[in-house]
Amino acid sequence: MVTKVVYSKKAIQNRKQILSYWVKRNGNNQYALKLNALFVEAVSLLVSFPNIGRKTDDANARIQVVKDYMIIYEVVGEELHILTIWDSRQDPDKLKEQLK
């Protein structure tokens with residue numbers, strides 16, 4: 001059972017960059033707010049059902065897809081660790097570097 005959500009510095013930074021991009025691109029924050037709500041909803045679902053994410057090559061890490069983004073996380077004891085939020089339209093080799 002998950003009792004705490006822990007965001008890595010990288011996950012916090014990525015989330016801010018993603019939302020900031022959409023604010024700048026659209027000239028308002030409406031889509032960014034909706035996307036952020038989807039991220040929050042996905043993490044809330046993971047707290048209740050931590051094993052619903054897709055398995056990865058890493059035995060501990062899982063992926064939850066939210067639109068074009070992947071929330072990469074792992075469960076450590078009773079904590080849900082959000083490792084990163086990744087735009088799946090990017091070069092996958094960059095993701096490997098980021099998760100090191």
# chains A, B, ... in the order shown; residues from 1 in each chain; ligands from 1
>>> residues_around(residues="stretch 78-93 of chain A", least_positions_apart="3", cutoff="12 Å", atoms="only C-alpha atoms", output="PyMOL selection string")
chain A and resi 1-19+21+36+39-40+42-51+60-75+96-100
>>> atom_distance(atom1="atom CA of A:Arg54", atom2="atom CA of A:Lys94")
19.6 Å
>>> select_by_dssp(residues="chain A", states="strand (DSSP E)", output="number ranges by chain")
A: 4-7, 54-55, 61-66, 69-76, 79-87
>>> select_by_dssp(residues="chain A", states="alpha helix (DSSP H)", output="number ranges by chain")
A: 9-26, 30-48, 92-98
>>> atom_distance(atom1="atom CA of A:Val76", atom2="atom CA of A:Ala59")
12.1 Å
>>> atom_distance(atom1="atom CA of A:Lys34", atom2="atom CA of A:Leu95")
24.5 Å
>>> decode(residues="stretch 23-79 of chain A", atoms="C-alpha atoms", output="compact mmCIF listing (two decimals), in the first residue's frame")
# COMPACT_ATOMS: atom_id res chain seq x y z
CA VAL A 23 1.42 28.09 -21.62
CA LYS A 24 3.89 29.77 -23.98
CA ARG A 25 2.70 27.87 -27.04
CA ASN A 26 -1.00 28.56 -26.51
CA GLY A 27 -0.71 32.02 -24.99
CA ASN A 28 -2.81 30.96 -22.00
CA ASN A 29 -2.74 28.36 -19.26
CA GLN A 30 -5.95 26.46 -20.03
CA TYR A 31 -4.37 23.40 -21.65
CA ALA A 32 -1.54 23.38 -19.10
CA LEU A 33 -4.10 23.30 -16.28
CA LYS A 34 -5.98 20.42 -17.93
CA LEU A 35 -2.76 18.49 -18.53
CA ASN A 36 -1.63 19.07 -14.94
CA ALA A 37 -5.01 17.78 -13.71
CA LEU A 38 -4.46 14.63 -15.79
CA PHE A 39 -1.01 14.18 -14.21
CA VAL A 40 -2.50 14.59 -10.72
CA GLU A 41 -5.30 12.14 -11.54
CA ALA A 42 -2.83 9.57 -12.88
CA VAL A 43 -0.63 9.80 -9.78
CA SER A 44 -3.70 9.50 -7.56
CA LEU A 45 -4.68 6.35 -9.43
CA LEU A 46 -1.15 4.99 -9.01
CA VAL A 47 -1.37 5.54 -5.26
CA SER A 48 -4.42 3.29 -5.16
CA PHE A 49 -3.22 0.81 -7.78
CA PRO A 50 0.58 1.03 -8.05
CA ASN A 51 0.94 -2.02 -10.28
CA ILE A 52 -1.29 -0.79 -13.13
CA GLY A 53 1.58 0.85 -14.98
CA ARG A 54 3.34 -0.95 -17.81
CA LYS A 55 6.45 -2.86 -16.84
CA THR A 56 9.79 -1.71 -18.22
CA ASP A 57 13.14 -3.36 -18.80
CA ASP A 58 14.03 -2.22 -15.29
CA ALA A 59 12.47 -4.65 -12.82
CA ASN A 60 11.39 -1.85 -10.46
CA ALA A 61 10.28 0.91 -12.84
CA ARG A 62 6.85 1.18 -14.43
CA ILE A 63 5.23 3.60 -16.86
CA GLN A 64 1.81 5.26 -16.71
CA VAL A 65 0.81 6.97 -19.96
CA VAL A 66 -0.94 10.35 -19.86
CA LYS A 67 -1.68 11.65 -23.37
CA ASP A 68 1.75 11.96 -25.07
CA TYR A 69 3.61 11.76 -21.76
CA MET A 70 4.90 8.92 -19.64
CA ILE A 71 5.07 9.08 -15.88
CA ILE A 72 7.96 6.82 -14.98
CA TYR A 73 7.80 5.61 -11.41
CA GLU A 74 8.70 2.89 -8.98
CA VAL A 75 7.30 1.69 -5.70
CA VAL A 76 9.79 1.59 -2.84
CA GLY A 77 8.25 0.16 0.30
CA GLU A 78 5.19 2.30 0.97
CA GLU A 79 6.39 5.17 -1.22
